[in-house]
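Listing of run_24.pdb; format and content: PDB, C-alpha atoms.
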MODEL        1
ATOM      1  CA  MET A 713      -4.257  -4.451 -12.246
ATOM      2  CA  ASP A 714      -4.940  -7.136  -9.653
ATOM      3  CA  GLY A 715      -4.351  -5.162  -6.482
ATOM      4  CA  LEU A 716      -2.394  -2.520  -4.631
ATOM      5  CA  VAL A 717       0.350  -3.038  -2.070
ATOM      6  CA  ASP A 718       0.647  -1.082   1.162
ATOM      7  CA  THR A 719       3.917   0.095   2.655
ATOM      8  CA  SER A 720       3.955  -2.784   5.157
ATOM      9  CA  ILE A 721       4.215  -5.315   2.324
ATOM     10  CA  ALA A 722       6.887  -3.320   0.462
ATOM     11  CA  ILE A 723       8.976  -3.119   3.640
ATOM     12  CA  ASP A 724       8.575  -6.850   4.279
ATOM     13  CA  LEU A 725       9.801  -7.559   0.750
ATOM     14  CA  ASP A 726      12.734  -5.192   1.169
ATOM     15  CA  ARG A 727      13.733  -6.859   4.421
ATOM     16  CA  GLY A 728      13.488 -10.313   2.869
ATOM     17  CA  TYR A 729      10.700 -11.398   5.235
ATOM     18  CA  ALA A 730      10.141 -15.026   4.204
ATOM     19  CA  PRO A 731       6.304 -14.992   4.135
ATOM     20  CA  SER A 732       6.319 -11.930   1.843
ATOM     21  CA  ILE A 733       8.839 -13.522  -0.520
ATOM     22  CA  GLN A 734       6.808 -16.753  -0.551
ATOM     23  CA  TRP A 735       3.591 -14.844  -1.286
ATOM     24  CA  MET A 736       5.203 -13.123  -4.266
ATOM     25  CA  GLN A 737       6.679 -16.407  -5.521
ATOM     26  CA  ASN A 738       3.300 -18.121  -5.193
ATOM     27  CA  ASN A 739       1.593 -15.333  -7.172
ATOM     28  CA  PRO A 740       3.957 -14.550 -10.061
ATOM     29  CA  THR A 741       1.196 -13.319 -12.361
ATOM     30  CA  LEU A 742      -0.291 -10.765  -9.956
ATOM     31  CA  LEU A 743      -0.131  -7.309 -11.480
ATOM     32  CA  LEU A 744       0.365  -5.070  -8.452
ATOM     33  CA  GLY A 745       0.515  -1.339  -7.958
ATOM     34  CA  ILE A 746       1.584   1.135  -5.317
ATOM     35  CA  THR A 747       0.585   4.708  -4.688
ATOM     36  CA  PRO A 748       3.146   7.521  -4.581
ATOM     37  CA  MET A 749       2.628   7.622  -0.804
ATOM     38  CA  VAL A 750       3.730   3.993  -0.493
ATOM     39  CA  TRP A 751       6.766   4.763  -2.645
ATOM     40  CA  MET A 752       7.709   7.718  -0.448
ATOM     41  CA  GLU A 753       7.066   5.911   2.861
ATOM     42  CA  ALA A 754       9.222   2.987   1.718
ATOM     43  CA  MET A 755      12.022   5.342   0.680
ATOM     44  CA  LEU A 756      11.741   7.143   4.022
ATOM     45  CA  GLY A 757      12.055   3.873   5.905
ATOM     46  CA  VAL A 758      15.637   3.184   4.805
ATOM     47  CA  GLY A 759      18.512   4.874   6.524
ATOM     48  CA  ASN A 760      21.050   5.515   3.792
ATOM     49  CA  ARG A 761      21.657   5.933   0.054
ATOM     50  CA  ALA A 762      22.368   2.232  -0.465
ATOM     51  CA  GLY A 763      19.018   1.437   1.134
ATOM     52  CA  GLN A 764      17.307   3.991  -1.086
ATOM     53  CA  ARG A 765      18.827   2.417  -4.191
ATOM     54  CA  ARG A 766      17.819  -1.058  -3.026
ATOM     55  CA  ILE A 767      14.210  -0.115  -2.239
ATOM     56  CA  ALA A 768      13.890   1.948  -5.430
ATOM     57  CA  LYS A 769      14.868  -1.133  -7.433
ATOM     58  CA  LEU A 770      12.312  -3.221  -5.553
ATOM     59  CA  LEU A 771       9.566  -0.636  -6.081
ATOM     60  CA  GLN A 772      10.138  -0.711  -9.840
ATOM     61  CA  ARG A 773       8.284  -4.056  -9.819
ATOM     62  CA  PHE A 774       5.064  -2.206  -9.096
ATOM     63  CA  HIS A 775       2.974   0.103 -11.238
ATOM     64  CA  ILE A 776       2.479   3.563  -9.789
ATOM     65  CA  VAL A 777      -1.222   4.336  -9.337
ATOM     66  CA  TYR A 778      -1.688   8.076  -9.047
ATOM     67  CA  LEU A 779      -4.468   9.708  -7.118
ATOM     68  CA  ILE A 780      -7.114  11.713  -8.902
ATOM     69  CA  GLN A 781      -9.404  14.434  -7.560
ATOM     70  CA  SER A 782     -12.106  11.995  -6.511
ATOM     71  CA  ASP A 783      -9.522  10.030  -4.493
ATOM     72  CA  MET A 784      -8.581  13.171  -2.617
ATOM     73  CA  ASP A 785     -12.240  13.973  -1.956
ATOM     74  CA  TRP A 786     -12.885  10.426  -0.713
ATOM     75  CA  ALA A 787      -9.821  10.532   1.565
ATOM     76  CA  MET A 788     -10.847  13.920   2.969
ATOM     77  CA  GLN A 789     -14.342  12.605   3.730
ATOM     78  CA  ARG A 790     -13.029   9.478   5.484
ATOM     79  CA  PHE A 791     -10.238  11.033   7.526
ATOM     80  CA  PRO A 792     -12.398  12.876  10.098
ATOM     81  CA  ILE A 793     -14.660   9.843  10.423
ATOM     82  CA  TYR A 794     -11.927   7.309  11.225
ATOM     83  CA  ALA A 795      -8.946   9.296  12.544
ATOM     84  CA  LEU A 796     -10.057   9.499  16.147
ATOM     85  CA  SER A 797     -12.143   6.345  16.364
ATOM     86  CA  HIS A 798      -9.710   3.961  14.599
ATOM     87  CA  GLY A 799      -6.357   5.761  14.530
ATOM     88  CA  VAL A 800      -6.446   6.024  10.752
ATOM     89  CA  GLY A 801      -3.850   8.452   9.447
ATOM     90  CA  VAL A 802      -3.839  10.896   6.570
ATOM     91  CA  VAL A 803      -1.526   8.698   4.524
ATOM     92  CA  ASP A 804      -3.707   5.649   5.221
ATOM     93  CA  CYS A 805      -6.652   7.470   3.662
ATOM     94  CA  LEU A 806      -4.582   8.487   0.638
ATOM     95  CA  ILE A 807      -3.262   4.947   0.132
ATOM     96  CA  ALA A 808      -6.752   3.450   0.437
ATOM     97  CA  ALA A 809      -8.469   5.895  -1.926
ATOM     98  CA  PRO A 810      -7.348   4.404  -5.279
ATOM     99  CA  ALA A 811      -8.121   0.888  -4.010
ATOM    100  CA  HIS A 812     -11.643   2.059  -3.242
ATOM    101  CA  ARG A 813     -12.032   3.864  -6.580
ATOM    102  CA  LEU A 814     -10.732   0.913  -8.607
ATOM    103  CA  GLN A 815     -12.344  -1.698  -6.311
ATOM    104  CA  LEU A 816      -9.028  -3.511  -6.001
ATOM    105  CA  PRO A 817      -7.691  -5.360  -2.992
ATOM    106  CA  LEU A 818      -5.159  -3.473  -0.898
ATOM    107  CA  TYR A 819      -2.650  -6.000   0.372
ATOM    108  CA  THR A 820      -1.487  -4.928   3.813
ATOM    109  CA  ARG A 821      -0.485  -6.171   7.222
ATOM    110  CA  ASN A 822      -2.250  -3.177   8.761
ATOM    111  CA  LEU A 823      -5.858  -4.358   8.749
ATOM    112  CA  LYS A 824      -6.571  -2.226  11.827
ATOM    113  CA  HIS A 825      -6.327   0.974   9.794
ATOM    114  CA  PHE A 826      -7.452  -0.191   6.367
ATOM    115  CA  THR A 827     -10.463  -2.396   7.140
ATOM    116  CA  PRO A 828     -12.566   0.547   8.389
ATOM    117  CA  LEU A 829     -11.802   2.353   5.131
ATOM    118  CA  LEU A 830     -12.062  -0.542   2.678
ATOM    119  CA  GLY A 831     -13.887  -3.425   4.300
ATOM    120  CA  ASN A 832     -13.068  -6.712   2.543
ATOM    121  CA  LEU A 833     -10.842  -4.940   0.007
ATOM    122  CA  ALA A 834      -8.212  -4.703   2.764
ATOM    123  CA  GLN A 835      -6.517  -8.092   2.661
ATOM    124  CA  GLN A 836      -3.649  -9.576   4.618
ATOM    125  CA  PRO A 837      -1.793 -11.779   2.102
ATOM    126  CA  TYR A 838       0.266 -13.793   4.613
TER     127      TYR A 838
ENDMDL
END
Give the structure from this file in structure tokens form.
Amino acid sequence: MDGLVDTSIAIDLDRGYAPSIQWMQNNPTLLLGITPMVWMEAMLGVGNRAGQRRIAKLLQRFHIVYLIQSDMDWAMQRFPIYALSHGVGVVDCLIAAPAHRLQLPLYTRNLKHFTPLLGNLAQQPY
């Protein structure tokens, strides 16, 4: 696995945002994963069944990286530290946890929330 993708990237791809499409085309060998939270947030972001089918097909490109107990512990430790000071949400912590455990980049457009959690592992790909 070469990295994880945050919801912001998945949504950009679903919407056909040109920089996201170009990034994927320029990196065809990247083996990318998503967490179940990213999968669910992306599904939540569409407004109808056709959108759900479309995003589900897109999300099949990514490997699902499931959280383990240590991820939950890590997320629970970070949440009270960064929630008030940086606006980091519960789901942000849960998305970041496997990236931290596996020491993989988390590709996101939301550096504000993920940099405090992951430092340089939080990367904006475009």
Hey, what comes out of the PyMOL selection byres ((chain A and resi 724) around 12) on this file? Could you write it as an mmCIF file with C-alpha atoms, in the frame of the given file?
data_model
loop_
_atom_site.group_PDB
_atom_site.id
_atom_site.type_symbol
_atom_site.label_atom_id
_atom_site.label_comp_id
_atom_site.auth_asym_id
_atom_site.auth_seq_id
_atom_site.Cartn_x
_atom_site.Cartn_y
_atom_site.Cartn_z
ATOM 1 C CA VAL A 717 0.350 -3.038 -2.070
ATOM 2 C CA ASP A 718 0.647 -1.082 1.162
ATOM 3 C CA THR A 719 3.917 0.095 2.655
ATOM 4 C CA SER A 720 3.955 -2.784 5.157
ATOM 5 C CA ILE A 721 4.215 -5.315 2.324
ATOM 6 C CA ALA A 722 6.887 -3.320 0.462
ATOM 7 C CA ILE A 723 8.976 -3.119 3.640
ATOM 8 C CA LEU A 725 9.801 -7.559 0.750
ATOM 9 C CA ASP A 726 12.734 -5.192 1.169
ATOM 10 C CA ARG A 727 13.733 -6.859 4.421
ATOM 11 C CA GLY A 728 13.488 -10.313 2.869
ATOM 12 C CA TYR A 729 10.700 -11.398 5.235
ATOM 13 C CA ALA A 730 10.141 -15.026 4.204
ATOM 14 C CA PRO A 731 6.304 -14.992 4.135
ATOM 15 C CA SER A 732 6.319 -11.930 1.843
ATOM 16 C CA ILE A 733 8.839 -13.522 -0.520
ATOM 17 C CA GLN A 734 6.808 -16.753 -0.551
ATOM 18 C CA TRP A 735 3.591 -14.844 -1.286
ATOM 19 C CA MET A 736 5.203 -13.123 -4.266
ATOM 20 C CA ALA A 754 9.222 2.987 1.718
ATOM 21 C CA GLY A 757 12.055 3.873 5.905
ATOM 22 C CA ILE A 767 14.210 -0.115 -2.239
ATOM 23 C CA LEU A 770 12.312 -3.221 -5.553
ATOM 24 C CA TYR A 819 -2.650 -6.000 0.372
ATOM 25 C CA THR A 820 -1.487 -4.928 3.813
ATOM 26 C CA ARG A 821 -0.485 -6.171 7.222
ATOM 27 C CA PRO A 837 -1.793 -11.779 2.102
ATOM 28 C CA TYR A 838 0.266 -13.793 4.613
#
Test item: the PyMOL selection byres ((chain A and resi 793-799) around 12) resolved as a list in words = Trp786, Ala787, Met788, Gln789, Arg790, Phe791, Pro792, Val800, Gly801, Val802, Val803, Asp804, Cys805, Asn822, Leu823, Lys824, His825, Phe826, Thr827, Pro828, Leu829 and Leu830 of chain A
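Each of A:Ala834, A:Arg773, A:Met755, A:Ile780 was checked against Leu743 of chain A using all atoms listed in the file; the smallest atom-to-atom distance is that of A:Arg773.
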His812 of chain A environment, 9 Å, all atoms listed in the file, sequence neighbours closer than 2 positions dropped, as a VMD selection string = chain A and resid 783 786 808 to 810 814 to 818 829 to 830 833
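Ranking A:Gly759, A:Gln781, A:Gln772, A:Gly831 by their shortest atom-to-atom distance to Ile746 of chain A, with all atoms listed in the file included, puts A:Gln772 first.
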query = Looking at A:Val777, A:Leu756, A:Arg761, A:Pro740, which one is nearest to Met713 of chain A, with distances taken over all atoms listed in the file?
reply = A:Val777
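Nearest-residue note for Gln835 of chain A: choosing from A:Arg766, A:Gly715, A:Val758, A:Pro748, the minimum distance belongs to A:Gly715, counting only C-alpha atoms.
Across the model, the gap from atom CA of Leu742 of chain A to atom CA of Met784 of chain A is 26.4 Å.
Proximity of A:Ala811, A:Leu771, A:Ile776, A:Ala762 to Gly745 of chain A, computed with all atoms listed in the file, is greatest for A:Ile776.
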Atomic distance atom CA of Asn739 of chain A - atom CA of Tyr778 of chain A, expressed in Å with one decimal =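 Atom-to-atom, atom CA of Asn739 of chain A to atom CA of Tyr778 of chain A, that is 23.7 Å.
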Dump C-alpha atoms of chain A from the given block, as a PDB file, in the first residue's frame.
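Result file selection04.pdb:
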ATOM      1  CA  MET A 713       0.000   0.000   0.000  1.00  0.00           C
ATOM      2  CA  ASP A 714       1.352   3.398  -1.013  1.00  0.00           C
ATOM      3  CA  GLY A 715      -1.067   5.650   0.824  1.00  0.00           C
ATOM      4  CA  LEU A 716      -4.579   6.335   2.018  1.00  0.00           C
ATOM      5  CA  VAL A 717      -7.119   8.708   0.508  1.00  0.00           C
ATOM      6  CA  ASP A 718      -9.317  11.044   2.525  1.00  0.00           C
ATOM      7  CA  THR A 719     -12.936  11.798   1.723  1.00  0.00           C
ATOM      8  CA  SER A 720     -12.013  15.123   0.098  1.00  0.00           C
ATOM      9  CA  ILE A 721     -10.034  13.316  -2.606  1.00  0.00           C
ATOM     10  CA  ALA A 722     -12.749  10.691  -3.179  1.00  0.00           C
ATOM     11  CA  ILE A 723     -15.346  13.445  -3.603  1.00  0.00           C
ATOM     12  CA  ASP A 724     -13.102  15.349  -6.018  1.00  0.00           C
ATOM     13  CA  LEU A 725     -12.718  12.194  -8.107  1.00  0.00           C
ATOM     14  CA  ASP A 726     -16.457  11.560  -8.046  1.00  0.00           C
ATOM     15  CA  ARG A 727     -17.169  15.102  -9.185  1.00  0.00           C
ATOM     16  CA  GLY A 728     -14.618  14.847 -11.982  1.00  0.00           C
ATOM     17  CA  TYR A 729     -12.459  17.642 -10.540  1.00  0.00           C
ATOM     18  CA  ALA A 730      -9.704  17.958 -13.155  1.00  0.00           C
ATOM     19  CA  PRO A 731      -6.704  18.166 -10.771  1.00  0.00           C
ATOM     20  CA  SER A 732      -7.827  14.971  -8.993  1.00  0.00           C
ATOM     21  CA  ILE A 733      -8.269  13.115 -12.284  1.00  0.00           C
ATOM     22  CA  GLN A 734      -4.854  14.341 -13.466  1.00  0.00           C
ATOM     23  CA  TRP A 735      -3.216  13.238 -10.204  1.00  0.00           C
ATOM     24  CA  MET A 736      -4.649   9.738 -10.579  1.00  0.00           C
ATOM     25  CA  GLN A 737      -3.619   9.576 -14.246  1.00  0.00           C
ATOM     26  CA  ASN A 738      -0.098  10.720 -13.371  1.00  0.00           C
ATOM     27  CA  ASN A 739       0.195   8.039 -10.663  1.00  0.00           C
ATOM     28  CA  PRO A 740      -1.322   4.890 -12.189  1.00  0.00           C
ATOM     29  CA  THR A 741       0.760   2.519 -10.073  1.00  0.00           C
ATOM     30  CA  LEU A 742      -0.159   4.009  -6.688  1.00  0.00           C
ATOM     31  CA  LEU A 743      -1.822   1.389  -4.531  1.00  0.00           C
ATOM     32  CA  LEU A 744      -4.281   3.423  -2.470  1.00  0.00           C
ATOM     33  CA  GLY A 745      -6.630   2.598   0.356  1.00  0.00           C
ATOM     34  CA  ILE A 746      -9.565   4.148   2.152  1.00  0.00           C
ATOM     35  CA  THR A 747     -10.964   3.589   5.600  1.00  0.00           C
ATOM     36  CA  PRO A 748     -14.579   2.538   6.156  1.00  0.00           C
ATOM     37  CA  MET A 749     -15.240   6.080   7.405  1.00  0.00           C
ATOM     38  CA  VAL A 750     -14.142   7.531   4.062  1.00  0.00           C
ATOM     39  CA  TRP A 751     -16.374   5.025   2.277  1.00  0.00           C
ATOM     40  CA  MET A 752     -19.363   6.004   4.413  1.00  0.00           C
ATOM     41  CA  GLU A 753     -18.728   9.770   4.197  1.00  0.00           C
ATOM     42  CA  ALA A 754     -18.462   9.539   0.405  1.00  0.00           C
ATOM     43  CA  MET A 755     -21.700   7.553   0.210  1.00  0.00           C
ATOM     44  CA  LEU A 756     -23.387  10.090   2.493  1.00  0.00           C
ATOM     45  CA  GLY A 757     -22.295  12.948   0.263  1.00  0.00           C
ATOM     46  CA  VAL A 758     -24.414  11.887  -2.720  1.00  0.00           C
ATOM     47  CA  GLY A 759     -28.075  12.707  -2.840  1.00  0.00           C
ATOM     48  CA  ASN A 760     -29.689   9.739  -4.545  1.00  0.00           C
ATOM     49  CA  ARG A 761     -29.400   6.050  -5.449  1.00  0.00           C
ATOM     50  CA  ALA A 762     -27.733   6.777  -8.791  1.00  0.00           C
ATOM     51  CA  GLY A 763     -25.093   8.795  -6.955  1.00  0.00           C
ATOM     52  CA  GLN A 764     -24.600   5.969  -4.475  1.00  0.00           C
ATOM     53  CA  ARG A 765     -24.072   3.485  -7.301  1.00  0.00           C
ATOM     54  CA  ARG A 766     -21.638   5.839  -9.028  1.00  0.00           C
ATOM     55  CA  ILE A 767     -19.558   6.522  -5.909  1.00  0.00           C
ATOM     56  CA  ALA A 768     -19.616   2.851  -4.878  1.00  0.00           C
ATOM     57  CA  LYS A 769     -18.110   1.955  -8.253  1.00  0.00           C
ATOM     58  CA  LEU A 770     -15.439   4.620  -7.818  1.00  0.00           C
ATOM     59  CA  LEU A 771     -14.605   3.446  -4.293  1.00  0.00           C
ATOM     60  CA  GLN A 772     -14.006  -0.093  -5.551  1.00  0.00           C
ATOM     61  CA  ARG A 773     -10.678   1.208  -6.917  1.00  0.00           C
ATOM     62  CA  PHE A 774      -9.395   1.492  -3.368  1.00  0.00           C
ATOM     63  CA  HIS A 775      -8.488  -1.149  -0.821  1.00  0.00           C
ATOM     64  CA  ILE A 776     -10.436  -0.938   2.416  1.00  0.00           C
ATOM     65  CA  VAL A 777      -8.098  -0.505   5.389  1.00  0.00           C
ATOM     66  CA  TYR A 778      -9.917  -1.477   8.557  1.00  0.00           C
ATOM     67  CA  LEU A 779      -9.178  -0.021  11.941  1.00  0.00           C
ATOM     68  CA  ILE A 780      -7.760  -2.182  14.685  1.00  0.00           C
ATOM     69  CA  GLN A 781      -7.860  -1.686  18.452  1.00  0.00           C
ATOM     70  CA  SER A 782      -4.655   0.331  18.525  1.00  0.00           C
ATOM     71  CA  ASP A 783      -6.109   2.702  15.903  1.00  0.00           C
ATOM     72  CA  MET A 784      -9.115   3.316  18.107  1.00  0.00           C
ATOM     73  CA  ASP A 785      -6.882   3.932  21.124  1.00  0.00           C
ATOM     74  CA  TRP A 786      -4.713   6.357  19.135  1.00  0.00           C
ATOM     75  CA  ALA A 787      -7.777   8.228  17.833  1.00  0.00           C
ATOM     76  CA  MET A 788      -9.258   8.461  21.334  1.00  0.00           C
ATOM     77  CA  GLN A 789      -5.988   9.882  22.678  1.00  0.00           C
ATOM     78  CA  ARG A 790      -5.723  12.498  19.909  1.00  0.00           C
ATOM     79  CA  PHE A 791      -9.327  13.672  19.813  1.00  0.00           C
ATOM     80  CA  PRO A 792      -9.363  15.611  23.116  1.00  0.00           C
ATOM     81  CA  ILE A 793      -5.974  17.121  22.307  1.00  0.00           C
ATOM     82  CA  TYR A 794      -6.899  18.535  18.890  1.00  0.00           C
ATOM     83  CA  ALA A 795     -10.701  18.871  18.838  1.00  0.00           C
ATOM     84  CA  LEU A 796     -10.910  22.259  20.491  1.00  0.00           C
ATOM     85  CA  SER A 797      -7.561  23.696  19.457  1.00  0.00           C
ATOM     86  CA  HIS A 798      -7.650  22.677  15.760  1.00  0.00           C
ATOM     87  CA  GLY A 799     -11.267  21.748  15.023  1.00  0.00           C
ATOM     88  CA  VAL A 800     -10.335  18.125  14.425  1.00  0.00           C
ATOM     89  CA  GLY A 801     -13.383  15.880  14.351  1.00  0.00           C
ATOM     90  CA  VAL A 802     -13.998  12.349  15.534  1.00  0.00           C
ATOM     91  CA  VAL A 803     -14.022  11.012  11.986  1.00  0.00           C
ATOM     92  CA  ASP A 804     -10.787  12.869  11.200  1.00  0.00           C
ATOM     93  CA  CYS A 805      -9.092  11.004  14.040  1.00  0.00           C
ATOM     94  CA  LEU A 806     -10.475   7.671  12.842  1.00  0.00           C
ATOM     95  CA  ILE A 807      -9.379   8.309   9.248  1.00  0.00           C
ATOM     96  CA  ALA A 808      -5.889   9.365  10.350  1.00  0.00           C
ATOM     97  CA  ALA A 809      -5.290   6.442  12.719  1.00  0.00           C
ATOM     98  CA  PRO A 810      -4.431   3.729  10.148  1.00  0.00           C
ATOM     99  CA  ALA A 811      -2.186   6.177   8.267  1.00  0.00           C
ATOM    100  CA  HIS A 812      -0.297   6.757  11.501  1.00  0.00           C
ATOM    101  CA  ARG A 813      -0.117   3.041  12.346  1.00  0.00           C
ATOM    102  CA  LEU A 814       1.070   2.055   8.864  1.00  0.00           C
ATOM    103  CA  GLN A 815       3.188   5.218   8.415  1.00  0.00           C
ATOM    104  CA  LEU A 816       1.532   5.883   5.069  1.00  0.00           C
ATOM    105  CA  PRO A 817       0.723   9.235   3.529  1.00  0.00           C
ATOM    106  CA  LEU A 818      -2.879  10.363   3.854  1.00  0.00           C
ATOM    107  CA  TYR A 819      -3.758  12.230   0.687  1.00  0.00           C
ATOM    108  CA  THR A 820      -6.192  15.001   1.550  1.00  0.00           C
ATOM    109  CA  ARG A 821      -7.187  18.545   0.763  1.00  0.00           C
ATOM    110  CA  ASN A 822      -7.904  19.095   4.456  1.00  0.00           C
ATOM    111  CA  LEU A 823      -4.414  19.755   5.797  1.00  0.00           C
ATOM    112  CA  LYS A 824      -5.880  21.962   8.537  1.00  0.00           C
ATOM    113  CA  HIS A 825      -7.329  18.945  10.335  1.00  0.00           C
ATOM    114  CA  PHE A 826      -4.877  16.217   9.382  1.00  0.00           C
ATOM    115  CA  THR A 827      -1.488  17.918   9.760  1.00  0.00           C
ATOM    116  CA  PRO A 828      -1.834  18.238  13.558  1.00  0.00           C
ATOM    117  CA  LEU A 829      -2.577  14.512  13.709  1.00  0.00           C
ATOM    118  CA  LEU A 830      -0.088  13.223  11.138  1.00  0.00           C
ATOM    119  CA  GLY A 831       2.529  15.864  10.464  1.00  0.00           C
ATOM    120  CA  ASN A 832       4.209  15.281   7.088  1.00  0.00           C
ATOM    121  CA  LEU A 833       2.149  12.134   6.471  1.00  0.00           C
ATOM    122  CA  ALA A 834      -0.778  14.441   5.645  1.00  0.00           C
ATOM    123  CA  GLN A 835      -0.168  15.377   2.022  1.00  0.00           C
ATOM    124  CA  GLN A 836      -2.098  17.505  -0.428  1.00  0.00           C
ATOM    125  CA  PRO A 837      -1.638  15.764  -3.802  1.00  0.00           C
ATOM    126  CA  TYR A 838      -2.785  18.651  -6.024  1.00  0.00           C
TER     127      TYR A 838
END
